[in-house]
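Asks: Dropping in input_7.tsv, which is TSV, C-alpha atoms:
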```tsv
chain	number	residue	atom	x	y	z
A	3	MET	CA	181.56	7.79	252.08
A	4	HIS	CA	184.90	6.70	253.52
A	5	GLU	CA	182.99	5.17	256.42
A	6	LEU	CA	182.99	1.81	254.65
A	7	SER	CA	186.80	1.85	254.65
A	8	ILE	CA	186.66	2.71	258.34
A	9	ALA	CA	184.22	-0.15	258.98
A	10	LEU	CA	186.46	-2.58	257.07
A	11	GLY	CA	189.42	-1.36	259.15
A	12	ILE	CA	187.46	-2.15	262.28
A	13	VAL	CA	186.62	-5.61	260.93
A	14	LYS	CA	190.30	-6.29	260.25
A	15	ILE	CA	191.30	-5.31	263.79
A	16	ALA	CA	188.50	-7.46	265.24
A	17	GLU	CA	189.43	-10.47	263.07
A	18	ASP	CA	193.12	-10.21	264.00
A	19	GLU	CA	192.56	-9.73	267.72
A	20	THR	CA	189.94	-12.47	267.97
A	21	LYS	CA	192.32	-14.89	266.30
A	22	LYS	CA	195.18	-13.85	268.59
A	23	ALA	CA	192.97	-14.48	271.63
A	24	ASN	CA	191.90	-17.89	270.28
A	25	ALA	CA	188.30	-16.78	270.47
A	26	LYS	CA	185.51	-17.51	268.02
A	27	LYS	CA	183.54	-14.34	267.76
A	28	VAL	CA	182.96	-10.92	269.18
A	29	THR	CA	179.90	-10.33	271.31
A	30	LYS	CA	180.49	-6.65	271.89
A	31	ILE	CA	182.74	-4.01	270.42
A	32	GLU	CA	183.42	-0.62	271.93
A	33	LEU	CA	184.57	2.16	269.62
A	34	GLU	CA	185.80	5.63	270.47
A	35	ILE	CA	185.03	8.29	267.88
A	36	GLY	CA	185.81	11.95	268.34
A	37	VAL	CA	183.49	14.61	266.92
A	38	LEU	CA	186.44	16.09	264.99
A	39	ALA	CA	187.56	12.75	263.53
A	40	GLY	CA	185.75	13.24	260.23
A	41	VAL	CA	183.51	10.20	260.60
A	42	GLU	CA	179.74	10.44	260.38
A	43	ILE	CA	178.37	7.95	262.87
A	44	ASP	CA	175.09	7.68	260.91
A	45	SER	CA	177.07	6.73	257.79
A	46	LEU	CA	179.08	4.22	259.78
A	47	ASN	CA	175.86	2.67	261.08
A	48	PHE	CA	174.54	2.58	257.53
A	49	VAL	CA	177.44	0.53	256.16
A	50	TRP	CA	177.98	-1.55	259.29
A	51	SER	CA	175.79	-4.54	258.46
A	52	SER	CA	177.31	-5.09	255.03
A	53	ALA	CA	180.86	-4.64	256.37
A	54	VAL	CA	180.49	-7.16	259.21
A	55	GLU	CA	178.64	-9.84	257.26
A	56	ASP	CA	180.42	-13.23	257.54
A	57	THR	CA	182.99	-11.87	259.99
A	58	VAL	CA	183.57	-12.28	263.73
A	59	LEU	CA	181.63	-9.05	264.19
A	60	GLU	CA	178.45	-10.21	262.46
A	61	PHE	CA	176.44	-10.57	265.65
A	62	ALA	CA	178.38	-8.20	267.89
A	63	GLU	CA	176.72	-5.39	269.76
A	64	LYS	CA	178.35	-2.10	268.79
A	65	GLU	CA	178.82	0.67	271.31
A	66	VAL	CA	180.19	4.03	270.16
A	67	VAL	CA	181.65	6.34	272.77
A	68	VAL	CA	181.58	9.86	271.33
A	69	ILE	CA	184.46	12.08	272.45
A	70	ASN	CA	183.81	15.81	272.54
A	71	GLY	CA	186.22	18.22	270.89
A	72	MET	CA	188.57	20.29	273.06
A	73	GLY	CA	191.16	22.79	271.91
A	74	LYS	CA	193.79	24.95	273.56
A	75	CYS	CA	194.58	28.39	272.19
A	76	ILE	CA	198.26	28.79	271.29
A	77	ASP	CA	198.09	32.55	271.81
A	78	CYS	CA	196.31	32.84	275.16
A	79	ASP	CA	196.26	29.27	276.56
A	80	THR	CA	192.46	29.21	276.93
A	81	GLU	CA	190.99	25.71	276.78
A	82	PHE	CA	187.67	25.53	274.97
A	83	ASN	CA	185.06	23.17	273.55
A	84	MET	CA	185.26	22.57	269.82
A	85	GLU	CA	182.33	21.51	267.67
A	86	ASN	CA	184.10	22.19	264.38
A	87	ILE	CA	187.71	21.94	263.38
A	88	TYR	CA	187.68	25.66	262.44
A	89	ASP	CA	186.33	26.97	265.77
A	90	CYS	CA	188.49	29.84	266.97
A	91	CYS	CA	189.43	30.78	270.54
A	92	PRO	CA	186.33	32.22	272.22
A	93	LYS	CA	188.49	34.54	274.33
A	94	CYS	CA	190.99	36.11	271.92
A	95	GLY	CA	189.66	35.00	268.51
A	96	SER	CA	192.90	33.32	267.43
A	97	ASN	CA	192.75	30.49	264.88
A	98	PHE	CA	195.98	28.97	266.18
A	99	LYS	CA	195.15	26.14	268.53
A	100	GLY	CA	196.16	22.66	269.49
A	101	ILE	CA	193.47	19.99	269.46
A	102	LEU	CA	193.45	18.29	272.84
A	103	GLN	CA	190.77	15.73	272.08
A	104	GLY	CA	188.09	14.91	269.53
A	105	LYS	CA	190.23	13.32	266.78
A	106	GLU	CA	189.96	9.82	268.31
A	107	LEU	CA	189.10	6.96	266.00
A	108	LYS	CA	189.80	3.68	267.70
A	109	VAL	CA	188.70	0.26	268.76
A	110	LYS	CA	188.73	0.41	272.54
A	111	THR	CA	187.63	-3.03	273.67
A	112	LEU	CA	186.36	-6.29	272.26
A	113	GLU	CA	184.31	-8.74	274.24
A	114	VAL	CA	185.00	-12.14	272.77
A	115	ILE	CA	183.75	-15.66	273.32
B	26	MET	CA	184.19	0.31	248.28
B	27	CYS	CA	181.64	3.04	248.52
B	28	GLY	CA	178.92	2.69	251.10
B	29	THR	CA	176.25	4.20	248.88
B	30	CYS	CA	175.81	0.93	247.02
B	31	GLY	CA	176.77	-1.17	250.00
B	32	CYS	CA	179.23	-3.13	247.91
B	33	GLY	CA	182.45	-3.84	249.70
B	34	SER	CA	183.63	-7.01	248.07
B	35	ASP	CA	187.05	-7.46	246.51
B	36	GLU	CA	185.55	-7.43	243.07
B	37	ASN	CA	185.47	-3.65	243.28
B	38	GLY	CA	188.96	-3.32	244.71
B	39	PRO	CA	191.53	-1.01	243.18
B	40	VAL	CA	193.14	-1.79	239.83
B	41	ILE	CA	196.57	-0.37	239.08
B	42	SER	CA	197.64	-0.06	235.45
B	43	LYS	CA	199.97	1.74	233.10
B	44	PRO	CA	198.79	3.28	229.83
B	45	GLY	CA	199.22	0.67	227.09
B	46	GLU	CA	198.83	-2.30	229.43
B	47	HIS	CA	195.81	-4.58	229.21
B	48	TYR	CA	193.05	-2.56	230.80
B	49	HIS	CA	190.52	-4.21	233.03
B	50	THR	CA	187.25	-2.33	233.09
B	51	HIS	CA	185.29	-4.11	235.80
B	52	SER	CA	182.22	-4.83	233.76
B	53	HIS	CA	181.66	-8.38	235.02
B	54	SER	CA	178.29	-9.24	236.43
B	55	HIS	CA	177.66	-8.86	240.07
B	56	ASP	CA	176.93	-12.34	241.30
B	57	GLU	CA	179.55	-14.58	239.82
B	58	ASN	CA	181.24	-16.88	242.30
B	59	HIS	CA	180.13	-15.35	245.54
B	60	HIS	CA	181.04	-18.36	247.67
B	61	HIS	CA	181.10	-17.33	251.23
B	62	HIS	CA	184.05	-19.52	252.10
B	63	ASP	CA	181.91	-22.10	253.79
B	64	ASP	CA	184.35	-24.87	253.14
B	65	HIS	CA	185.46	-25.37	256.73
B	66	SER	CA	183.86	-28.48	258.12
B	67	HIS	CA	181.80	-27.19	261.05
B	68	SER	CA	182.12	-30.47	262.90
B	69	HIS	CA	181.35	-29.12	266.38
B	70	SER	CA	183.26	-31.62	268.42
B	71	HIS	CA	182.61	-29.72	271.68
B	72	HIS	CA	186.09	-29.73	273.08
B	73	GLY	CA	185.98	-30.87	276.70
B	74	HIS	CA	182.30	-30.08	276.98
B	75	SER	CA	182.70	-27.51	279.69
B	76	HIS	CA	180.46	-24.95	277.95
B	77	ASP	CA	180.86	-22.15	280.42
B	78	HIS	CA	181.04	-19.67	277.50
B	79	LYS	CA	183.55	-17.37	279.07
B	80	HIS	CA	183.31	-13.83	277.86
B	81	LYS	CA	186.72	-12.28	277.72
B	82	VAL	CA	187.23	-8.55	277.38
B	83	LEU	CA	190.23	-7.54	275.25
B	84	GLU	CA	191.60	-4.05	275.78
B	85	ILE	CA	192.57	-3.12	272.23
B	86	GLU	CA	193.03	0.67	272.17
B	87	GLN	CA	194.03	0.51	268.52
B	88	ASP	CA	193.71	3.30	266.01
B	89	ILE	CA	191.36	2.21	263.23
B	90	LEU	CA	193.52	3.87	260.57
B	91	GLN	CA	196.68	2.29	261.94
B	92	ASN	CA	197.18	0.01	258.93
B	93	ASN	CA	197.02	2.96	256.59
B	94	ALA	CA	199.33	4.97	258.83
B	95	VAL	CA	201.96	2.20	258.98
B	96	LEU	CA	202.16	1.84	255.19
B	97	ALA	CA	202.10	5.62	254.75
B	98	GLY	CA	205.12	5.75	257.05
B	99	ARG	CA	206.90	3.19	254.90
B	100	ASN	CA	206.14	5.20	251.76
B	101	ARG	CA	207.36	8.39	253.44
B	102	GLY	CA	210.63	6.79	254.53
B	103	TYR	CA	211.23	5.51	251.00
B	104	PHE	CA	210.57	8.95	249.51
B	105	GLU	CA	212.83	10.67	252.02
B	106	ALA	CA	215.68	8.22	251.47
B	107	LYS	CA	215.56	8.83	247.73
B	108	ASN	CA	214.98	12.57	248.07
B	109	ILE	CA	211.66	12.31	246.27
B	110	PHE	CA	209.29	15.20	246.86
B	111	ALA	CA	205.83	13.60	246.88
B	112	LEU	CA	202.71	15.71	246.56
B	113	ASN	CA	199.16	14.54	247.22
B	114	LEU	CA	196.85	16.68	245.08
B	115	VAL	CA	193.30	16.80	246.42
B	116	SER	CA	190.20	18.74	245.36
B	117	SER	CA	186.61	18.44	244.23
B	118	PRO	CA	186.13	17.03	240.74
B	119	GLY	CA	186.62	19.67	238.07
B	120	SER	CA	188.88	22.12	239.93
B	121	GLY	CA	191.58	21.61	237.31
B	122	LYS	CA	193.98	19.18	239.00
B	123	THR	CA	194.89	17.39	235.78
B	124	SER	CA	195.20	20.62	233.78
B	125	LEU	CA	197.46	22.09	236.46
B	126	LEU	CA	199.56	18.94	236.35
B	127	GLU	CA	199.75	18.94	232.55
B	128	ARG	CA	200.94	22.54	232.45
B	129	THR	CA	203.45	22.02	235.28
B	130	LEU	CA	204.89	18.90	233.69
B	131	ALA	CA	205.08	20.41	230.22
B	132	ASP	CA	206.86	23.53	231.51
B	133	LEU	CA	209.29	21.84	233.92
B	134	LYS	CA	210.01	18.41	232.50
B	135	GLY	CA	213.27	19.66	231.01
B	136	GLU	CA	214.55	20.58	234.49
B	137	ILE	CA	212.92	18.11	236.88
B	138	THR	CA	212.28	14.37	236.74
B	139	PHE	CA	208.60	13.78	237.35
B	140	TYR	CA	206.46	10.73	238.06
B	141	VAL	CA	202.68	10.70	238.31
B	142	ILE	CA	200.14	8.47	240.02
B	143	GLU	CA	196.59	9.12	238.88
B	144	GLY	CA	193.63	8.15	241.03
B	145	ASP	CA	190.12	7.90	239.59
B	146	GLN	CA	187.20	5.59	240.09
B	147	GLN	CA	187.25	4.58	236.43
B	148	THR	CA	189.08	5.06	233.12
B	149	LEU	CA	192.67	5.58	232.02
B	150	ASN	CA	191.83	9.04	230.62
B	151	ASP	CA	193.99	11.06	233.01
B	152	ALA	CA	196.95	8.69	232.75
B	153	ASN	CA	196.74	8.95	228.98
B	154	ARG	CA	196.84	12.76	229.20
B	155	ILE	CA	200.02	12.52	231.31
B	156	ALA	CA	201.56	9.76	229.17
B	157	ALA	CA	201.12	12.04	226.14
B	158	LEU	CA	203.75	14.29	227.76
B	159	ASN	CA	206.18	11.37	228.04
B	160	ILE	CA	206.02	11.34	231.84
B	161	PRO	CA	205.99	7.91	233.57
B	162	VAL	CA	202.50	7.42	234.98
B	163	VAL	CA	200.45	4.77	236.73
B	164	GLN	CA	196.68	4.87	236.97
B	165	ILE	CA	194.89	3.58	240.05
B	166	ASN	CA	191.22	2.86	239.45
B	167	THR	CA	189.56	2.61	242.82
B	168	GLY	CA	186.37	1.06	241.47
B	169	LYS	CA	183.71	2.08	243.97
B	170	GLY	CA	186.35	3.60	246.26
B	171	CYS	CA	186.21	7.32	246.89
B	172	HIS	CA	189.85	7.95	247.86
B	173	LEU	CA	193.39	6.58	247.56
B	174	GLU	CA	194.95	4.67	250.47
B	175	SER	CA	198.61	4.19	251.32
B	176	ASP	CA	198.73	0.52	250.22
B	177	MET	CA	197.66	1.52	246.69
B	178	ILE	CA	200.53	4.03	246.54
B	179	TYR	CA	202.91	1.39	247.91
B	180	ASP	CA	201.97	-0.92	245.00
B	181	ALA	CA	201.84	1.82	242.35
B	182	VAL	CA	205.28	3.15	243.29
B	183	LYS	CA	206.78	-0.29	242.62
B	184	LYS	CA	205.55	-0.06	239.03
B	185	LEU	CA	207.14	3.36	238.54
B	186	GLU	CA	210.74	2.54	239.55
B	187	LEU	CA	211.41	6.07	240.81
B	188	LYS	CA	214.80	7.72	240.37
B	189	ASP	CA	216.37	9.78	243.17
B	190	ASN	CA	215.91	13.57	243.38
B	191	SER	CA	212.57	13.64	241.60
B	192	ILE	CA	209.01	14.81	242.15
B	193	LEU	CA	206.11	12.39	242.49
B	194	MET	CA	202.68	13.90	241.85
B	195	ILE	CA	199.79	11.87	243.22
B	196	GLU	CA	196.46	13.04	241.87
B	197	ASN	CA	193.86	11.79	244.31
B	198	VAL	CA	190.26	10.92	243.45
B	199	GLY	CA	188.25	14.13	242.98
B	200	ASN	CA	186.49	14.35	246.32
B	201	LEU	CA	186.77	17.01	248.99
B	202	VAL	CA	185.79	14.75	251.89
B	203	CYS	CA	187.14	11.21	252.02
B	204	PRO	CA	190.78	11.61	250.91
B	205	SER	CA	191.41	13.92	253.86
B	206	MET	CA	191.54	11.01	256.30
B	207	PHE	CA	194.08	8.92	254.45
B	208	ASP	CA	197.77	9.74	254.71
B	209	LEU	CA	199.57	8.40	251.64
B	210	GLY	CA	203.07	9.16	252.89
B	211	GLU	CA	203.24	12.40	250.90
B	212	SER	CA	205.72	15.17	251.69
B	213	LYS	CA	203.04	17.84	251.29
B	214	ARG	CA	199.32	17.81	250.72
B	215	VAL	CA	198.06	20.32	248.17
B	216	VAL	CA	194.38	21.26	248.05
B	217	ILE	CA	193.18	22.88	244.83
B	218	ILE	CA	190.11	25.07	244.67
B	219	SER	CA	188.92	26.97	241.63
B	220	THR	CA	187.32	30.39	241.40
B	221	THR	CA	184.11	28.82	240.12
B	222	GLU	CA	183.55	27.20	243.51
B	223	GLY	CA	182.05	29.04	246.47
B	224	GLU	CA	184.36	31.00	248.76
B	225	ASP	CA	182.95	29.17	251.79
B	226	LYS	CA	184.18	25.75	250.60
B	227	PRO	CA	186.96	25.70	253.23
B	228	ILE	CA	184.47	25.82	256.08
B	229	LYS	CA	181.99	23.53	254.33
B	230	TYR	CA	184.71	20.90	253.87
B	231	PRO	CA	187.08	21.82	256.68
B	232	ASP	CA	188.87	18.47	257.11
B	233	MET	CA	190.55	18.71	253.73
B	234	PHE	CA	191.78	22.25	254.32
B	235	HIS	CA	192.83	21.38	257.85
B	236	THR	CA	195.08	18.55	256.69
B	237	SER	CA	196.61	20.37	253.68
B	238	ASP	CA	199.85	22.37	253.60
B	239	ILE	CA	199.33	24.24	250.37
B	240	CYS	CA	196.20	25.75	248.79
B	241	ILE	CA	196.23	26.46	245.07
B	242	ILE	CA	193.48	28.77	243.83
B	243	ASN	CA	193.06	27.86	240.16
B	244	LYS	CA	191.20	29.48	237.26
B	245	ILE	CA	192.07	33.06	238.25
B	246	ASP	CA	191.66	33.96	234.57
B	247	LEU	CA	187.91	33.61	235.20
B	248	LEU	CA	187.83	36.21	238.01
B	249	PRO	CA	186.21	38.94	235.86
B	250	TYR	CA	183.28	36.60	235.12
B	251	VAL	CA	182.61	34.91	238.44
B	252	ASN	CA	181.24	36.25	241.65
B	253	ILE	CA	183.90	35.27	244.17
B	254	ASP	CA	185.83	37.24	246.77
B	255	VAL	CA	189.27	35.60	246.80
B	256	GLN	CA	190.30	37.34	250.02
B	257	LYS	CA	187.21	35.95	251.74
B	258	LEU	CA	188.04	32.47	250.46
B	259	LYS	CA	191.55	32.80	251.92
B	260	ASP	CA	190.20	34.09	255.23
B	261	TYR	CA	187.91	31.09	255.51
B	262	ALA	CA	190.77	28.74	254.63
B	263	LEU	CA	193.05	30.39	257.20
B	264	GLN	CA	190.33	30.09	259.82
B	265	VAL	CA	190.44	26.32	259.29
B	266	ASN	CA	194.21	26.15	258.92
B	267	PRO	CA	196.29	29.23	259.78
B	268	ASN	CA	199.44	27.58	258.35
B	269	LEU	CA	198.18	27.26	254.75
B	270	LYS	CA	200.35	28.71	252.00
B	271	PHE	CA	198.54	30.00	248.89
B	272	PHE	CA	199.28	30.12	245.19
B	273	GLU	CA	196.90	31.87	242.79
B	274	VAL	CA	197.21	30.46	239.29
B	275	SER	CA	195.57	29.89	235.97
B	276	ALA	CA	196.57	26.54	234.51
B	277	THR	CA	194.92	27.66	231.27
B	278	ASN	CA	196.85	30.87	230.51
B	279	GLY	CA	199.81	30.33	232.84
B	280	ASP	CA	199.25	33.31	235.17
B	281	GLY	CA	200.88	32.82	238.57
B	282	MET	CA	202.51	29.52	237.60
B	283	GLU	CA	206.05	30.89	237.99
B	284	THR	CA	205.71	31.29	241.78
B	285	TRP	CA	204.38	27.74	242.01
B	286	TYR	CA	207.31	26.45	239.95
B	287	LYS	CA	209.77	28.34	242.13
B	288	TRP	CA	208.33	26.69	245.21
B	289	LEU	CA	208.46	23.24	243.58
B	290	LYS	CA	212.12	23.71	242.61
B	291	SER	CA	213.01	24.90	246.10
B	292	ASN	CA	211.85	21.55	247.49
B	293	ILE	CA	214.17	19.18	245.67
```
Can you give me the file's structure in the form of structure tokens?
Replies:
Amino acid sequence: MHELSIALGIVKIAEDETKKANAKKVTKIELEIGVLAGVEIDSLNFVWSSAVEDTVLEFAEKEVVVINGMGKCIDCDTEFNMENIYDCCPKCGSNFKGILQGKELKVKTLEVI
Amino acid sequence: MCGTCGCGSDENGPVISKPGEHYHTHSHSHDENHHHHDDHSHSHSHHGHSHDHKHKVLEIEQDILQNNAVLAGRNRGYFEAKNIFALNLVSSPGSGKTSLLERTLADLKGEITFYVIEGDQQTLNDANRIAALNIPVVQINTGKGCHLESDMIYDAVKKLELKDNSILMIENVGNLVCPSMFDLGESKRVVIISTTEGEDKPIKYPDMFHTSDICIINKIDLLPYVNIDVQKLKDYALQVNPNLKFFEVSATNGDGMETWYKWLKSNI
């Protein structure tokens, strides 16, 4: 359950950025989480309320943009959708690939007041 | 800081100690002094009274693990400058990480300078096992935490006063999920799996195998008694990470340890 560490990381970013912008609190936060990032969104939702208590995020609306996984085969250059980190190239079966997207784990925007 | 109990307060933060030091066991009751820092005055003077409540959108685009990554980078630079080969040992609980360490340290301590950082939720037991071999060791107790993070290593390393040209073994908390996301600044990540675990572990817990460089298959002395196809285990692991390098060892009877030692020596 490393999602609590992730949530606390999000809180730290929100606290720092809100302070920098001379704002008081966050009304909405937009996160980008890739399906290959190793974060369970259900677990993140589960720990969210305890992580944001007494912080600028306490009453913020949370929007999670889920990024699909995409890989590119190193052997035959085929680009393909990835649901798991171990998915192989559907064309040639190679396990050697570069991950093009799906590892994202970031705070995209904060709406502050 | 484990989400299962919902407790994320500092009271369960990591504790870093050396064997022999005063040991703090975290047994204090749960609701002492939980002030919620309400000492700011809340005077609400309504500056200028314009009250148009402007919503401002800040484009942040910041990696959530950036803090961990920055400190991991600092650790890595420090290790590289001092030619310290740092290994992050990860596995499920009970795969034999500490036994593997004990055997390695006992066999090589005459030739190589070692340091050890032990990570566990509770107790100094592992650090005591290492200290018994006269190897400098620091124990990190993560409390409710399920993994080590780079700031804990940053603090623990200061207590160890590492010499140049040495090997630092970091034994992570036994957990095949969470530690995979947290770079500690290690030179190589080593995942340990034992023959008593299922051969499909690499695809059940792919993130850990994906982020590791080395895979040690331990307890090969038990192969006659357990129902595991080692080749299948390797195939699964290579499916997740085609660059993995394997060692097959028994930390109990010493089989296969020589190749592991050779590799260790070739890295300092």
Asks: Could you check the closest approach to chain B for each of A:Glu34, A:Glu60, A:Glu17, A:Glu85 and tell me which residue wins, using all atoms listed in the file?
Replies: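 The closest residue to chain B is A:Glu34.
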Asks: Identify which of the residues A:Ile115, A:Gly71, A:Asp79, A:Gly104 lies closest to A:Cys91, counting all atoms listed in the file when measuring atom-to-atom distances.
Replies: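 Result for the nearest residue to A:Cys91: A:Asp79.
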Asks: Given the choices B:Val202, B:Ile239, B:Ile142, B:Ala156, which gets closest to B:Lys184 if the distance is worked out from only C-alpha atoms?
Replies: B:Ile142
Asks: May I have the residues of chain A within 9 Å of chain B, counting only C-alpha atoms, written as an NGL selection string?
Replies: :A and (3-12 or 15 or 19-20 or 23 or 25 or 29-30 or 33-34 or 38-40 or 45-46 or 48-49 or 52-53 or 56 or 86-90 or 96-98 or 106-115)
Asks: Write a file of the just-selected residues containing C-alpha atoms, as a tab-separated table (two decimals), keeping the file's coordinate frame.
Replies:
```tsv
chain	number	residue	atom	x	y	z
A	3	MET	CA	181.56	7.79	252.08
A	4	HIS	CA	184.90	6.70	253.52
A	5	GLU	CA	182.99	5.17	256.42
A	6	LEU	CA	182.99	1.81	254.65
A	7	SER	CA	186.80	1.85	254.65
A	8	ILE	CA	186.66	2.71	258.34
A	9	ALA	CA	184.22	-0.15	258.98
A	10	LEU	CA	186.46	-2.58	257.07
A	11	GLY	CA	189.42	-1.36	259.15
A	12	ILE	CA	187.46	-2.15	262.28
A	15	ILE	CA	191.30	-5.31	263.79
A	19	GLU	CA	192.56	-9.73	267.72
A	20	THR	CA	189.94	-12.47	267.97
A	23	ALA	CA	192.97	-14.48	271.63
A	25	ALA	CA	188.30	-16.78	270.47
A	29	THR	CA	179.90	-10.33	271.31
A	30	LYS	CA	180.49	-6.65	271.89
A	33	LEU	CA	184.57	2.16	269.62
A	34	GLU	CA	185.80	5.63	270.47
A	38	LEU	CA	186.44	16.09	264.99
A	39	ALA	CA	187.56	12.75	263.53
A	40	GLY	CA	185.75	13.24	260.23
A	45	SER	CA	177.07	6.73	257.79
A	46	LEU	CA	179.08	4.22	259.78
A	48	PHE	CA	174.54	2.58	257.53
A	49	VAL	CA	177.44	0.53	256.16
A	52	SER	CA	177.31	-5.09	255.03
A	53	ALA	CA	180.86	-4.64	256.37
A	56	ASP	CA	180.42	-13.23	257.54
A	86	ASN	CA	184.10	22.19	264.38
A	87	ILE	CA	187.71	21.94	263.38
A	88	TYR	CA	187.68	25.66	262.44
A	89	ASP	CA	186.33	26.97	265.77
A	90	CYS	CA	188.49	29.84	266.97
A	96	SER	CA	192.90	33.32	267.43
A	97	ASN	CA	192.75	30.49	264.88
A	98	PHE	CA	195.98	28.97	266.18
A	106	GLU	CA	189.96	9.82	268.31
A	107	LEU	CA	189.10	6.96	266.00
A	108	LYS	CA	189.80	3.68	267.70
A	109	VAL	CA	188.70	0.26	268.76
A	110	LYS	CA	188.73	0.41	272.54
A	111	THR	CA	187.63	-3.03	273.67
A	112	LEU	CA	186.36	-6.29	272.26
A	113	GLU	CA	184.31	-8.74	274.24
A	114	VAL	CA	185.00	-12.14	272.77
A	115	ILE	CA	183.75	-15.66	273.32
```
Asks: Please report the interatomic distance between atom CA of B:Leu133 and atom CA of B:Phe271 in Å with one decimal.
Replies: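 Distance reported for this atom pair: 20.2 Å.
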Asks: Got a sec: who's within 10 Å of A:Met72, counting only C-alpha atoms, leaving out chain neighbours fewer than 4 positions off, as a PDB file with C-alpha atoms, keeping the file's coordinate frame?
Replies:
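Final file, out-v3.pdb:
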```pdb
ATOM      1  CA  GLY A  36     185.810  11.950 268.340  1.00  0.00           C
ATOM      2  CA  VAL A  37     183.490  14.610 266.920  1.00  0.00           C
ATOM      3  CA  LEU A  38     186.440  16.090 264.990  1.00  0.00           C
ATOM      4  CA  GLU A  81     190.990  25.710 276.780  1.00  0.00           C
ATOM      5  CA  PHE A  82     187.670  25.530 274.970  1.00  0.00           C
ATOM      6  CA  ASN A  83     185.060  23.170 273.550  1.00  0.00           C
ATOM      7  CA  MET A  84     185.260  22.570 269.820  1.00  0.00           C
ATOM      8  CA  GLU A  85     182.330  21.510 267.670  1.00  0.00           C
ATOM      9  CA  ASN A  86     184.100  22.190 264.380  1.00  0.00           C
ATOM     10  CA  ILE A  87     187.710  21.940 263.380  1.00  0.00           C
ATOM     11  CA  LYS A  99     195.150  26.140 268.530  1.00  0.00           C
ATOM     12  CA  GLY A 100     196.160  22.660 269.490  1.00  0.00           C
ATOM     13  CA  ILE A 101     193.470  19.990 269.460  1.00  0.00           C
ATOM     14  CA  LEU A 102     193.450  18.290 272.840  1.00  0.00           C
ATOM     15  CA  GLN A 103     190.770  15.730 272.080  1.00  0.00           C
ATOM     16  CA  GLY A 104     188.090  14.910 269.530  1.00  0.00           C
ATOM     17  CA  LYS A 105     190.230  13.320 266.780  1.00  0.00           C
TER      18      LYS A 105
END
```
Asks: Measure the distance from atom CA of B:Asn153 to atom CA of B:Ser124 in Å and round it to one decimal.
Replies: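 Separation between atom CA of B:Asn153 and atom CA of B:Ser124: 12.7 Å.
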Asks: Using only C-alpha atoms, can you list as a ChimeraX atom specification the residues within 8 Å of (181.1, -6.8, 264.9)?
Replies: /A:13,16,28-31,54,57-64
Asks: Please report the interatomic distance between atom CA of B:Ile137 and atom CA of B:Glu273 in Å with one decimal.
Replies: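 Here the two named atoms are 21.9 Å from each other.
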Asks: Within 9 Å of (196.4, 6.1, 231.8) in the file's own coordinates, which protein, DNA or RNA residues have an atom, counting only C-alpha atoms? List them as a list in words.
Replies: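 Neighbouring residues, ordered by chain and number, come to Ser42, Lys43, Pro44, Gly45, Glu143, Thr148, Leu149, Asn150, Asp151, Ala152, Asn153, Arg154, Ile155, Ala156, Val162, Val163, Gln164 and Ile165 of chain B.
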Asks: Nearest residue to B:Lys183 out of B:Val251, B:Leu209, B:Ile160, B:Ile41, using only C-alpha atoms?
Replies: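 Looking only at the distances to B:Lys183, the closest residue turns out to be B:Ile41.
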Asks: So which residues touch B:Gly210 within 9 Å, counting all atoms listed in the file, skipping near sequence neighbours fewer than 5 positions away, as a PyMOL selection string?
Replies: chain B and resi 94+96-102+104+111+113+175+178
Asks: Would you list the contacts of B:Ile217 as a PyMOL selection string, taking every protein, DNA or RNA residue within 12 Å and counting only C-alpha atoms, but skipping same-chain residues closer than 3 positions in sequence?
Replies: chain B and resi 113-126+196-197+199-201+214+220-222+226-227+233-234+237-244+262+269-276
